[in-house]
>>> print(open('entry_15.txt').read())   # compact mmCIF, C-alpha atoms
# COMPACT_ATOMS: atom_id res chain seq x y z
CA MET A 27 14.98 -13.49 12.90
CA TYR A 28 13.50 -14.22 9.52
CA GLN A 29 14.23 -17.55 7.94
CA ILE A 30 16.14 -15.99 5.05
CA ASN A 31 19.20 -17.47 3.42
CA GLY A 32 20.81 -14.28 2.13
CA TYR A 33 20.17 -10.74 1.02
CA PHE A 34 21.44 -8.88 -2.00
CA GLU A 35 20.81 -5.19 -2.53
CA ALA A 36 20.59 -4.43 -6.24
CA SER A 37 21.45 -0.93 -7.37
CA THR A 38 20.60 -1.33 -11.07
CA ILE A 39 18.03 -3.35 -13.00
CA LYS A 40 20.85 -5.34 -14.62
CA GLU A 41 22.33 -6.28 -11.25
CA ALA A 42 18.95 -7.53 -10.08
CA ILE A 43 18.29 -9.54 -13.26
CA ASP A 44 21.80 -11.04 -13.25
CA TYR A 45 21.33 -12.14 -9.67
CA LEU A 46 17.87 -13.58 -10.37
CA VAL A 47 19.14 -15.51 -13.38
CA GLY A 48 22.24 -16.77 -11.60
CA ASN A 49 20.47 -17.94 -8.46
CA GLU A 50 17.66 -20.49 -8.60
CA ASN A 51 16.76 -19.77 -4.99
CA SER A 52 16.29 -16.03 -5.41
CA GLN A 53 13.18 -14.01 -4.63
CA VAL A 54 12.58 -10.34 -5.38
CA ILE A 55 11.62 -8.20 -2.42
CA ALA A 56 10.42 -4.58 -2.65
CA GLY A 57 8.69 -3.05 0.38
CA GLY A 58 8.41 -6.45 2.03
CA THR A 59 4.84 -6.02 3.27
CA ASP A 60 3.92 -9.21 1.45
CA VAL A 61 7.13 -11.26 1.18
CA LEU A 62 8.27 -10.76 4.78
CA ILE A 63 4.86 -11.67 6.15
CA LYS A 64 4.84 -14.90 4.17
CA THR A 65 8.39 -15.58 5.36
CA ARG A 66 7.33 -14.91 8.94
CA GLU A 67 4.46 -17.36 8.52
CA ARG A 68 6.92 -19.85 6.95
CA LYS A 69 4.71 -20.18 3.93
CA SER A 70 6.07 -22.74 1.52
CA GLY A 71 8.24 -21.15 -1.14
CA TYR A 72 9.00 -18.14 1.03
CA THR A 73 11.60 -19.51 3.45
CA ASP A 74 15.37 -19.93 3.07
CA LYS A 75 15.35 -17.60 0.09
CA ASP A 76 18.10 -15.39 -1.25
CA LEU A 77 16.27 -12.10 -1.30
CA VAL A 78 17.05 -9.44 -3.89
CA GLY A 79 16.16 -5.94 -2.72
CA ILE A 80 15.08 -3.58 -5.52
CA MET A 81 14.07 -0.49 -3.53
CA ARG A 82 17.42 1.21 -4.21
CA ILE A 83 17.19 1.03 -7.99
CA PRO A 84 16.47 4.68 -8.81
CA VAL A 85 14.79 4.14 -12.22
CA LEU A 86 12.09 1.94 -10.65
CA LYS A 87 10.84 4.78 -8.51
CA GLY A 88 8.59 7.71 -9.30
CA ILE A 89 5.82 8.79 -11.64
CA ASN A 90 6.37 10.48 -14.99
CA LEU A 91 4.58 11.47 -18.15
CA ASP A 92 6.28 10.18 -21.30
CA ASP A 93 6.52 12.16 -24.56
CA ASP A 94 3.12 10.88 -25.68
CA GLY A 95 1.37 11.91 -22.47
CA ASN A 96 1.13 8.37 -21.09
CA ILE A 97 1.67 7.90 -17.35
CA LEU A 98 4.58 5.73 -16.25
CA ILE A 99 4.54 4.53 -12.66
CA GLY A 100 7.78 2.99 -11.41
CA SER A 101 7.15 -0.42 -9.86
CA THR A 102 8.69 0.44 -6.49
CA THR A 103 6.69 3.64 -6.07
CA THR A 104 4.98 3.34 -2.70
CA PHE A 105 1.23 3.64 -2.15
CA THR A 106 1.81 6.92 -0.30
CA GLU A 107 3.85 8.27 -3.21
CA VAL A 108 1.16 7.29 -5.73
CA GLU A 109 -1.59 8.73 -3.54
CA GLU A 110 0.18 12.06 -3.10
CA ASP A 111 1.57 12.41 -6.60
CA GLU A 112 0.43 15.47 -8.50
CA ILE A 113 0.22 13.73 -11.90
CA ILE A 114 -1.94 10.95 -10.43
CA GLN A 115 -4.16 13.30 -8.46
CA ARG A 116 -4.78 15.47 -11.49
CA ASN A 117 -5.35 12.70 -14.04
CA ILE A 118 -6.50 9.58 -12.22
CA PRO A 119 -7.78 10.49 -8.76
CA SER A 120 -9.42 7.04 -8.52
CA LEU A 121 -5.97 5.42 -8.48
CA ALA A 122 -4.85 7.85 -5.76
CA ALA A 123 -7.92 6.84 -3.76
CA ALA A 124 -7.30 3.13 -4.38
CA CYS A 125 -3.70 3.37 -3.18
CA GLY A 126 -4.87 5.45 -0.21
CA SER A 127 -7.23 2.66 0.82
CA VAL A 128 -4.48 0.08 1.35
CA GLY A 129 -3.69 -1.00 4.93
CA GLY A 130 -2.61 1.86 7.18
CA PRO A 131 0.03 4.60 6.95
CA GLN A 132 2.94 2.31 7.83
CA ILE A 133 2.02 -0.15 5.07
CA ARG A 134 1.38 2.60 2.51
CA ASN A 135 4.72 4.21 3.30
CA ILE A 136 6.65 1.15 2.15
CA GLY A 137 4.32 -1.18 0.21
CA THR A 138 4.68 -0.70 -3.54
CA ILE A 139 2.22 -0.61 -6.42
CA GLY A 140 4.42 -3.05 -8.34
CA GLY A 141 4.30 -5.53 -5.48
CA ASN A 142 0.54 -5.11 -5.23
CA VAL A 143 0.18 -6.28 -8.82
CA ALA A 144 3.09 -8.76 -8.95
CA ASN A 145 1.77 -10.90 -6.12
CA GLY A 146 -1.29 -11.73 -8.20
CA ALA A 147 -3.95 -11.19 -5.53
CA THR A 148 -7.48 -10.51 -6.75
CA SER A 149 -8.04 -8.23 -3.76
CA ALA A 150 -5.16 -5.85 -4.58
CA ASP A 151 -6.62 -2.37 -4.15
CA SER A 152 -4.70 -0.80 -7.02
CA ALA A 153 -5.37 -3.66 -9.45
CA SER A 154 -9.04 -3.02 -10.27
CA THR A 155 -8.36 0.61 -11.18
CA LEU A 156 -5.38 -0.48 -13.28
CA PHE A 157 -7.69 -3.00 -14.99
CA ALA A 158 -10.26 -0.29 -15.64
CA MET A 159 -7.56 1.70 -17.42
CA ASP A 160 -6.15 -1.26 -19.35
CA ALA A 161 -2.76 -0.65 -17.78
CA VAL A 162 0.29 -2.15 -19.42
CA ILE A 163 2.86 -4.00 -17.32
CA CYS A 164 6.44 -3.30 -18.41
CA LEU A 165 8.88 -6.10 -17.67
CA GLU A 166 12.60 -6.46 -18.13
CA GLY A 167 14.49 -9.74 -18.10
CA PRO A 168 17.55 -11.47 -19.46
CA GLU A 169 15.95 -11.46 -22.93
CA GLY A 170 15.23 -7.75 -22.82
CA LYS A 171 12.14 -5.64 -22.30
CA ARG A 172 8.53 -6.59 -23.00
CA GLU A 173 5.10 -5.17 -22.32
CA ILE A 174 1.96 -7.08 -21.47
CA PRO A 175 -1.64 -5.90 -20.92
CA ILE A 176 -2.63 -6.24 -17.28
CA LYS A 177 -5.49 -8.65 -18.01
CA GLU A 178 -3.03 -11.07 -19.63
CA PHE A 179 -0.59 -10.55 -16.77
CA TYR A 180 -2.89 -12.18 -14.22
CA LEU A 181 -2.98 -15.95 -14.80
CA GLY A 182 -4.72 -17.10 -11.63
CA PRO A 183 -4.71 -16.57 -7.86
CA GLY A 184 -1.15 -15.60 -6.95
CA LYS A 185 0.04 -16.39 -10.46
CA VAL A 186 1.28 -13.79 -12.93
CA ALA A 187 2.92 -13.95 -16.34
CA MET A 188 6.43 -13.19 -15.16
CA ASN A 189 9.29 -15.46 -16.13
CA LYS A 190 12.24 -16.36 -13.98
CA GLY A 191 14.71 -13.51 -13.98
CA GLU A 192 12.13 -10.93 -14.98
CA LEU A 193 11.50 -7.76 -13.06
CA MET A 194 8.50 -5.47 -13.30
CA THR A 195 9.92 -2.05 -14.08
CA HIS A 196 6.87 0.13 -14.73
CA ILE A 197 3.14 0.24 -15.02
CA LYS A 198 2.10 2.24 -18.07
CA ILE A 199 -1.26 3.90 -18.45
CA LEU A 200 -2.01 5.09 -21.95
CA LYS A 201 -3.32 8.60 -22.35
CA GLU A 202 -6.47 7.51 -24.20
CA ASN A 203 -7.43 5.35 -21.24
CA PHE A 204 -7.62 8.18 -18.71
CA MET A 205 -8.05 11.43 -20.66
CA CYS A 206 -11.68 12.68 -20.64
CA PHE A 207 -12.68 9.83 -18.30
CA LYS A 208 -14.05 10.29 -14.83
CA GLY A 209 -13.30 7.50 -12.41
CA HIS A 210 -14.08 6.26 -8.95
CA TYR A 211 -12.96 3.35 -6.79
CA ILE A 212 -15.07 1.84 -4.02
CA LYS A 213 -13.44 -0.50 -1.55
CA PHE A 214 -16.11 -2.39 0.31
CA SER A 215 -14.57 -3.77 3.49
CA GLN A 216 -15.55 -4.50 7.04
CA ARG A 217 -13.13 -1.96 8.47
CA LYS A 218 -12.09 1.38 7.02
CA ALA A 219 -8.38 0.60 7.51
CA MET A 220 -6.08 -2.39 7.81
CA ASP A 221 -8.51 -4.60 5.95
CA ILE A 222 -8.69 -6.53 2.72
CA ALA A 223 -11.56 -5.67 0.38
CA THR A 224 -14.67 -7.83 0.56
CA LEU A 225 -15.17 -6.49 -2.93
CA GLY A 226 -13.50 -3.67 -4.83
CA CYS A 227 -15.03 -1.87 -7.80
CA SER A 228 -13.38 0.71 -10.00
CA ILE A 229 -15.07 2.46 -12.88
CA MET A 230 -14.02 4.88 -15.61
CA VAL A 231 -16.75 6.67 -17.50
CA LYS A 232 -16.88 9.07 -20.43
CA THR A 233 -20.12 10.91 -21.06
CA THR A 234 -21.71 13.42 -23.39
CA GLY A 235 -24.55 15.19 -21.67
CA ASN A 236 -26.53 12.47 -19.97
CA LYS A 237 -25.30 9.72 -22.29
CA ILE A 238 -22.58 7.17 -21.64
CA ASP A 239 -19.97 7.17 -24.42
CA GLU A 240 -17.74 4.64 -22.78
CA LEU A 241 -17.80 2.79 -19.50
CA LYS A 242 -15.20 0.54 -17.96
CA ILE A 243 -15.97 -1.51 -14.89
CA ALA A 244 -13.36 -3.54 -13.06
CA TYR A 245 -13.59 -5.61 -9.90
CA GLY A 246 -11.35 -7.12 -7.30
CA VAL A 247 -12.52 -10.27 -5.45
CA ALA A 248 -15.31 -10.92 -7.98
CA GLY A 249 -13.26 -13.80 -9.36
CA PRO A 250 -9.90 -15.52 -8.89
CA THR A 251 -8.18 -12.53 -10.50
CA PRO A 252 -9.33 -8.94 -10.99
CA ILE A 253 -11.83 -8.81 -13.86
CA ARG A 254 -13.55 -6.47 -16.27
CA ALA A 255 -17.33 -6.52 -16.68
CA THR A 256 -17.14 -6.50 -20.48
CA GLU A 257 -20.77 -7.55 -21.02
CA ALA A 258 -22.05 -4.62 -19.00
CA GLU A 259 -19.58 -2.27 -20.67
CA ALA A 260 -20.92 -3.30 -24.09
CA ILE A 261 -24.57 -2.61 -23.30
CA ALA A 262 -23.72 0.67 -21.55
CA LYS A 263 -22.42 2.29 -24.71
CA GLY A 264 -24.80 5.04 -25.73
CA MET A 265 -27.17 4.52 -22.80
CA GLU A 266 -28.93 7.40 -21.09
CA ILE A 267 -28.00 7.61 -17.44
CA THR A 268 -31.21 6.69 -15.68
CA THR A 269 -31.88 4.62 -12.57
CA GLU A 270 -33.34 1.83 -14.72
CA ASN A 271 -30.34 1.73 -17.03
CA LEU A 272 -27.88 1.74 -14.14
CA ASP A 273 -29.81 -1.21 -12.69
CA LEU A 274 -29.48 -2.99 -16.03
CA ILE A 275 -25.74 -2.35 -16.07
CA GLY A 276 -25.36 -3.61 -12.50
CA GLU A 277 -27.28 -6.80 -13.31
CA LYS A 278 -25.22 -7.41 -16.44
CA CYS A 279 -22.00 -7.17 -14.43
CA LEU A 280 -22.77 -10.55 -12.89
CA GLU A 281 -22.19 -12.23 -16.26
CA ASN A 282 -18.43 -11.74 -16.04
CA ALA A 283 -18.16 -12.37 -12.30
CA SER A 284 -17.57 -15.58 -10.40
CA ALA A 285 -17.88 -14.50 -6.79
CA ARG A 286 -17.03 -16.97 -4.06
CA ASP A 287 -18.04 -17.76 -0.52
CA SER A 288 -15.40 -16.94 2.06
CA TRP A 289 -15.35 -16.12 5.74
CA ARG A 290 -15.37 -12.46 4.80
CA ALA A 291 -18.67 -12.63 2.93
CA SER A 292 -21.03 -15.05 1.23
CA LYS A 293 -21.28 -15.42 -2.51
CA ALA A 294 -24.79 -13.97 -2.47
CA PHE A 295 -23.61 -10.88 -0.61
CA ARG A 296 -20.70 -10.41 -3.00
CA GLN A 297 -23.12 -10.70 -5.95
CA GLN A 298 -25.25 -7.98 -4.45
CA LEU A 299 -22.13 -5.80 -4.17
CA ILE A 300 -21.23 -6.60 -7.78
CA ARG A 301 -24.65 -5.23 -8.82
CA GLU A 302 -24.64 -2.28 -6.49
CA LEU A 303 -21.11 -0.84 -6.39
CA PRO A 304 -20.74 0.17 -10.06
CA LYS A 305 -23.99 2.13 -9.83
CA ARG A 306 -22.72 4.02 -6.81
CA ALA A 307 -19.29 4.51 -8.36
CA ILE A 308 -20.74 5.90 -11.60
CA LYS A 309 -22.93 8.35 -9.69
CA ILE A 310 -20.03 9.51 -7.53
CA ALA A 311 -17.65 9.79 -10.50
CA LEU A 312 -20.17 11.99 -12.30
CA GLY A 313 -20.52 14.21 -9.25
CA GLY A 314 -23.88 12.84 -8.17
CA GLY A 315 -22.66 11.78 -4.77
CA GLU A 316 -24.11 9.01 -2.66
CA MET B 2 25.49 -13.47 7.10
CA LEU B 3 26.61 -10.20 8.64
CA LYS B 4 26.55 -6.90 6.84
CA THR B 5 27.88 -3.51 7.88
CA ILE B 6 25.45 -0.64 7.74
CA ASN B 7 25.76 3.04 8.48
CA CYS B 8 22.78 4.91 9.79
CA THR B 9 21.65 7.60 12.15
CA ILE B 10 19.71 6.42 15.16
CA ASN B 11 18.11 9.03 17.37
CA GLY B 12 20.54 11.61 16.03
CA LYS B 13 23.64 9.50 16.56
CA VAL B 14 25.67 8.36 13.53
CA MET B 15 26.40 4.65 13.88
CA GLU B 16 28.23 1.88 12.10
CA LEU B 17 26.61 -1.45 12.89
CA GLN B 18 27.11 -5.10 12.08
CA VAL B 19 23.72 -6.63 11.39
CA ASP B 20 22.50 -10.07 10.43
CA VAL B 21 20.60 -10.00 7.12
CA ARG B 22 17.85 -12.07 8.75
CA GLU B 23 17.26 -9.47 11.44
CA SER B 24 14.37 -7.03 11.42
CA LEU B 25 15.05 -3.45 12.36
CA LEU B 26 12.99 -4.15 15.48
CA ASP B 27 15.32 -7.02 16.46
CA MET B 28 18.30 -4.77 15.89
CA LEU B 29 16.94 -1.88 17.94
CA ARG B 30 15.89 -4.04 20.86
CA ASN B 31 18.61 -6.69 20.97
CA ARG B 32 21.71 -4.91 19.73
CA LEU B 33 21.06 -1.35 20.83
CA HIS B 34 18.82 -2.14 23.82
CA LEU B 35 16.32 0.48 22.68
CA THR B 36 13.42 -1.44 24.19
CA GLY B 37 10.90 1.39 23.97
CA THR B 38 9.86 0.03 20.58
CA LYS B 39 7.59 -2.96 21.15
CA GLN B 40 6.91 -6.14 19.25
CA GLY B 41 3.20 -6.79 19.00
CA CYS B 42 1.95 -8.87 16.09
CA GLY B 43 5.23 -9.14 14.18
CA VAL B 44 3.46 -8.90 10.82
CA GLY B 45 2.76 -5.18 10.37
CA GLU B 46 -0.82 -5.18 11.61
CA CYS B 47 -0.67 -3.52 15.02
CA GLY B 48 1.88 -0.70 14.78
CA ALA B 49 3.43 -1.27 18.24
CA CYS B 50 6.86 -1.38 16.58
CA ALA B 51 6.45 1.85 14.59
CA VAL B 52 9.56 4.01 14.21
CA LEU B 53 10.32 7.04 12.06
CA ILE B 54 12.53 6.35 9.06
CA ASP B 55 13.45 9.51 7.17
CA GLY B 56 10.45 11.09 8.88
CA GLN B 57 7.89 8.45 7.83
CA THR B 58 6.18 6.08 10.23
CA LEU B 59 7.05 2.46 9.43
CA ASP B 60 6.59 -0.86 11.19
CA SER B 61 10.09 -1.97 12.20
CA CYS B 62 9.04 -5.62 12.55
CA ILE B 63 8.63 -5.97 8.78
CA TYR B 64 11.61 -3.78 7.90
CA LEU B 65 14.92 -5.56 7.45
CA ALA B 66 17.75 -4.14 9.53
CA VAL B 67 19.95 -3.93 6.41
CA TRP B 68 17.44 -1.54 4.87
CA ALA B 69 18.33 1.04 7.53
CA ASP B 70 21.66 1.59 5.76
CA GLY B 71 21.94 5.33 5.04
CA LYS B 72 18.65 6.10 6.77
CA ASP B 73 17.71 8.37 9.63
CA VAL B 74 15.90 6.29 12.25
CA VAL B 75 14.08 7.83 15.21
CA THR B 76 12.57 5.63 17.91
CA ILE B 77 10.38 6.61 20.84
CA GLU B 78 13.58 7.19 22.84
CA GLY B 79 14.63 9.79 20.25
CA LEU B 80 11.42 11.78 20.65
CA THR B 81 12.18 12.49 24.29
CA GLY B 82 14.50 15.37 25.23
CA THR B 83 18.14 14.48 26.06
CA ASP B 84 17.35 15.24 29.69
CA GLY B 85 14.51 12.75 29.64
CA SER B 86 11.79 15.37 29.39
CA LEU B 87 8.70 14.38 27.45
CA SER B 88 7.78 15.89 24.10
CA ASP B 89 4.63 18.00 24.08
CA LEU B 90 2.79 15.11 22.42
CA GLN B 91 3.98 12.62 25.03
CA GLN B 92 2.97 15.03 27.80
CA ASN B 93 -0.49 15.27 26.27
CA PHE B 94 -0.77 11.48 26.21
CA VAL B 95 -0.11 11.60 29.97
CA ASP B 96 -2.38 14.58 30.65
CA LYS B 97 -5.30 13.23 28.61
CA GLY B 98 -5.09 9.72 30.05
CA ALA B 99 -4.26 8.28 26.64
CA ILE B 100 -2.22 5.46 28.19
CA GLN B 101 -3.72 2.37 29.75
CA CYS B 102 -1.42 -0.68 29.65
CA GLY B 103 1.05 1.41 27.63
CA PHE B 104 2.15 -1.27 25.19
CA CYS B 105 0.80 0.48 22.10
CA THR B 106 1.86 3.94 23.30
CA PRO B 107 5.34 4.17 21.69
CA GLY B 108 3.86 3.23 18.30
CA PHE B 109 1.00 5.69 18.64
CA VAL B 110 3.35 8.50 19.69
CA VAL B 111 5.61 7.76 16.72
CA SER B 112 2.74 7.67 14.20
CA ALA B 113 1.16 10.78 15.71
CA THR B 114 4.52 12.59 15.56
CA ALA B 115 4.78 11.79 11.83
CA LEU B 116 1.18 12.87 11.31
CA LEU B 117 1.63 16.25 13.03
CA ASP B 118 4.88 16.89 11.13
CA LYS B 119 3.07 16.33 7.86
CA LYS B 120 -0.25 17.93 8.82
CA PRO B 121 0.14 20.45 11.64
CA ASN B 122 -3.60 21.16 11.63
CA PRO B 123 -5.24 17.78 11.11
CA THR B 124 -8.99 17.33 11.11
CA LYS B 125 -10.45 14.63 13.35
CA ALA B 126 -10.79 12.37 10.32
CA GLU B 127 -7.16 12.96 9.37
CA ILE B 128 -6.02 12.05 12.88
CA ARG B 129 -8.00 8.83 12.76
CA ARG B 130 -6.58 8.00 9.35
CA GLY B 131 -3.03 8.88 10.42
CA LEU B 132 -3.31 6.52 13.38
CA SER B 133 -5.23 3.78 11.58
CA GLY B 134 -2.16 1.56 11.42
CA ASN B 135 -1.91 1.42 15.21
CA LEU B 136 -4.05 -0.74 17.43
CA CYS B 137 -4.79 -0.23 21.12
CA ARG B 138 -6.15 -3.45 22.62
CA CYS B 139 -7.26 -1.57 25.73
CA THR B 140 -9.38 0.31 23.15
CA GLY B 141 -8.56 3.69 24.66
CA TYR B 142 -8.78 5.41 21.31
CA THR B 143 -10.80 8.48 22.26
CA LYS B 144 -8.17 9.72 24.71
CA ILE B 145 -5.42 9.11 22.17
CA LEU B 146 -7.26 11.20 19.58
CA ASP B 147 -7.80 13.89 22.23
CA ALA B 148 -4.07 13.96 23.03
CA VAL B 149 -3.15 14.46 19.37
CA GLU B 150 -5.79 17.13 18.90
CA ALA B 151 -4.65 18.97 22.02
CA THR B 152 -1.05 18.92 20.82
CA ALA B 153 -1.99 20.39 17.46
CA GLU B 154 -4.00 23.08 19.19
CA GLN B 155 -1.21 23.98 21.63
CA ARG B 156 1.30 24.22 18.80
CA ARG B 157 -1.07 26.54 16.92
CA ASN B 158 -1.42 28.84 19.91
CA LYS B 159 2.29 29.03 20.57
>>> encode(input="entry_15.txt", output="structure tokens")
Amino acid sequence: MYQINGYFEASTIKEAIDYLVGNENSQVIAGGTDVLIKTRERKSGYTDKDLVGIMRIPVLKGINLDDDGNILIGSTTTFTEVEEDEIIQRNIPSLAAACGSVGGPQIRNIGTIGGNVANGATSADSASTLFAMDAVICLEGPEGKREIPIKEFYLGPGKVAMNKGELMTHIKILKENFMCFKGHYIKFSQRKAMDIATLGCSIMVKTTGNKIDELKIAYGVAGPTPIRATEAEAIAKGMEITTENLDLIGEKCLENASARDSWRASKAFRQQLIRELPKRAIKIALGGGE
Amino acid sequence: MLKTINCTINGKVMELQVDVRESLLDMLRNRLHLTGTKQGCGVGECGACAVLIDGQTLDSCIYLAVWADGKDVVTIEGLTGTDGSLSDLQQNFVDKGAIQCGFCTPGFVVSATALLDKKPNPTKAEIRRGLSGNLCRCTGYTKILDAVEATAEQRRNK
């Protein structure tokens, strides 16, 4: 038995928001691969809750292109659904790969991309790719709808800019942030499955010939939240793709990072990964292979 | 707090009273006495509790019983013939020696069943990936992979 106070199954966004607003003790639950584990461990703030299930709200599920060609991912779309979706595979294969690197099949079949972002973990596999694409988080609450850039959404470890009563409805990826880009995500972990990233690196690159027009580098576990390596991105503009220049970019990435020591890896090792992974990812994204 | 749910379990349509605090695993084992599904870690790491829900492999220990409302649930008991005969995959687990202590076996058979339904001709890498959410603490993985591969091959030659 889980130490849960009650359970409410919402069938519309409004029902969920009304319940969240009307009940101080409420907690949203989607796939449960995070919330239920914390409840099982009796983590403070996760016991005796009135859970609000949102998996049966149809509009929160699925992946669509809007009229402007932007990609809208429903918050309760599972990792398996993102990974196998045709729109994602065609336009942002790096996000398909990132979602495919989460846990194992059982977790991917029920864990959701919205939950991955909403729990505020720096290690979230989908988050670094969403950062690299400047994804927009679409929220709905008692005051109506609002949109917030993903880098403003993350406030700190486990803390996101979501107010009481708000629900994440979609993750929006603007067309200009994926069209003509090539991307790649590298999850560096001790095991190939059922593991949390020691470091995750996702890049998006646009090139003309052998020159970088635009480069976006995002990391998970290189700081308390996912981050962008903006310093490296700035110097990369217009650079020829050579081994020396890639080394320069890798070195520059450290300026935005604040890697930590943990039992998984030392700070020094993480810093080495911060230098190394974007170089590999750029080469792979451009078809160089590694 | 009790809630009434309607679901199909191993092909049988059921109306059940479940506690909202119960996991699907608790419900299967304690209410329906379907004890083939095992509790290992209880936090979705080991896969011993895997069941098929609408054809997908899921860990029933981190799946609330109320979520089964309207779903089609198949446990290890539902993969066996009504006369108790083993499925071809189960028979291959026996024939290949893919069972040591047997605790992880129901979960592996369930995940492998889902894998072969989705990918009838999996590569070795795909089999490993499809079973990556299941742990065998006897570490008898090679035989398990052999059993799945043999099943795929037999089905191809049928």
>>> residues_around(input="entry_15.txt", residues="Ser133 (chain B)", least_positions_apart="3", cutoff="6 Å", atoms="all atoms listed in the file", output="ChimeraX atom specification")
/A:130 /B:129-130
>>> atom_distance(input="entry_15.txt", atom1="CA of Lys218 (chain A)", atom2="CA of Gly129 (chain A)")
9.0 Å
>>> atom_distance(input="entry_15.txt", atom1="CA of Thr124 (chain B)", atom2="CA of Glu154 (chain B)")
11.1 Å
>>> atom_distance(input="entry_15.txt", atom1="CA of Gln18 (chain B)", atom2="CA of Cys62 (chain B)")
18.1 Å
>>> interface_residues(input="entry_15.txt", of="chain B", to="chain A", cutoff="10 Å", atoms="all atoms listed in the file", output="number ranges by chain")
B: 2-4, 20-24, 26-28, 43-48, 51-54, 57-65, 67-68, 112, 115-116, 129-136
>>> residues_around(input="entry_15.txt", residues="Ser154 (chain A)", least_positions_apart="5", cutoff="9 Å", atoms="only C-alpha atoms", output="list in words")
Ala124, Thr148, Ser149, Met159, Tyr211, Gly226, Cys227, Ser228, Ile229, Ile243, Ala244, Tyr245, Gly246, Pro252, Ile253 and Arg254 of chain A
>>> residues_around(input="entry_15.txt", residues="Asp239 (chain A)", least_positions_apart="3", cutoff="12 Å", atoms="only C-alpha atoms", output="ChimeraX atom specification")
/A:206-208,230-236,242,259-267
>>> write_last_selection(input="entry_15.txt", atoms="C-alpha atoms", output="JSON list (two decimals), in the frame of the given file")
[["chain", "number", "residue", "atom", "x", "y", "z"],
["A", 206, "CYS", "CA", -11.68, 12.68, -20.64],
["A", 207, "PHE", "CA", -12.68, 9.83, -18.30],
["A", 208, "LYS", "CA", -14.05, 10.29, -14.83],
["A", 230, "MET", "CA", -14.02, 4.88, -15.61],
["A", 231, "VAL", "CA", -16.75, 6.67, -17.50],
["A", 232, "LYS", "CA", -16.88, 9.07, -20.43],
["A", 233, "THR", "CA", -20.12, 10.91, -21.06],
["A", 234, "THR", "CA", -21.71, 13.42, -23.39],
["A", 235, "GLY", "CA", -24.55, 15.19, -21.67],
["A", 236, "ASN", "CA", -26.53, 12.47, -19.97],
["A", 242, "LYS", "CA", -15.20, 0.54, -17.96],
["A", 259, "GLU", "CA", -19.58, -2.27, -20.67],
["A", 260, "ALA", "CA", -20.92, -3.30, -24.09],
["A", 261, "ILE", "CA", -24.57, -2.61, -23.30],
["A", 262, "ALA", "CA", -23.72, 0.67, -21.55],
["A", 263, "LYS", "CA", -22.42, 2.29, -24.71],
["A", 264, "GLY", "CA", -24.80, 5.04, -25.73],
["A", 265, "MET", "CA", -27.17, 4.52, -22.80],
["A", 266, "GLU", "CA", -28.93, 7.40, -21.09],
["A", 267, "ILE", "CA", -28.00, 7.61, -17.44]]
>>> closest_residue(input="entry_15.txt", among="A:Thr102, A:Asn96, A:Thr138, A:Thr268", to="Met205 (chain A)", atoms="all atoms listed in the file")
A:Asn96
>>> closest_residue(input="entry_15.txt", among="B:Val110, B:Gly82, B:Ile128, B:Asp89", to="Gln155 (chain B)", atoms="only C-alpha atoms")
B:Asp89
>>> axis_aligned_box(input="entry_15.txt", around="region 105-120 of chain A", padding_each_side="4 Å", output="AutoDock Vina command-line options")
--center_x -2.8 --center_y 9.6 --center_z -7.2 --size_x 21.3 --size_y 19.8 --size_z 21.7
>>> residues_near_point(input="entry_15.txt", point="(-8.3, -5.4, -3.0)", cutoff="8 Å", atoms="only C-alpha atoms", output="PyMOL selection string")
chain A and resi 128+147-154+213+222-226+246-247
>>> closest_residue(input="entry_15.txt", among="A:Asp76, A:Glu257, A:Glu166, A:Asp160", to="Leu200 (chain A)", atoms="all atoms listed in the file")
A:Asp160
>>> residues_around(input="entry_15.txt", residues="Val162 (chain A)", least_positions_apart="5", cutoff="6 Å", atoms="all atoms listed in the file", output="PyMOL selection string")
chain A and resi 174-176+197-198
>>> residues_around(input="entry_15.txt", residues="Ala49 (chain B)", least_positions_apart="6", cutoff="7 Å", atoms="all atoms listed in the file", output="PyMOL selection string")
chain B and resi 38-41+105+107-108+135
>>> closest_residue(input="entry_15.txt", among="A:Lys278, A:Lys40, A:His196, A:Arg290", to="Gln216 (chain A)", atoms="all atoms listed in the file")
A:Arg290
>>> closest_residue(input="entry_15.txt", among="B:Thr143, B:Gly56, B:Ala66, B:Leu25", to="Thr5 (chain B)", atoms="only C-alpha atoms")
B:Ala66
>>> closest_residue(input="entry_15.txt", among="A:Ile212, A:Ile99, A:Val47, A:Ala144", to="Val78 (chain A)", atoms="all atoms listed in the file")
A:Val47
>>> decode(input="entry_15.txt", residues="region 7-21 of chain B", atoms="C-alpha atoms", output="mmCIF file, in the first residue's frame")
data_model
loop_
_atom_site.group_PDB
_atom_site.id
_atom_site.type_symbol
_atom_site.label_atom_id
_atom_site.label_comp_id
_atom_site.auth_asym_id
_atom_site.auth_seq_id
_atom_site.Cartn_x
_atom_site.Cartn_y
_atom_site.Cartn_z
ATOM 1 C CA ASN B 7 -13.746 -2.462 -14.636
ATOM 2 C CA CYS B 8 -10.971 -4.207 -16.459
ATOM 3 C CA THR B 9 -10.024 -7.326 -18.324
ATOM 4 C CA ILE B 10 -7.577 -9.595 -16.567
ATOM 5 C CA ASN B 11 -6.179 -12.516 -18.500
ATOM 6 C CA GLY B 12 -9.126 -12.334 -20.867
ATOM 7 C CA LYS B 13 -11.769 -12.213 -18.149
ATOM 8 C CA VAL B 14 -13.923 -9.089 -17.764
ATOM 9 C CA MET B 15 -13.999 -8.095 -14.103
ATOM 10 C CA GLU B 16 -15.559 -5.525 -11.834
ATOM 11 C CA LEU B 17 -13.335 -4.973 -8.816
ATOM 12 C CA GLN B 18 -13.337 -2.912 -5.656
ATOM 13 C CA VAL B 19 -9.845 -1.541 -5.135
ATOM 14 C CA ASP B 20 -8.206 0.665 -2.558
ATOM 15 C CA VAL B 21 -6.749 3.821 -4.139
#
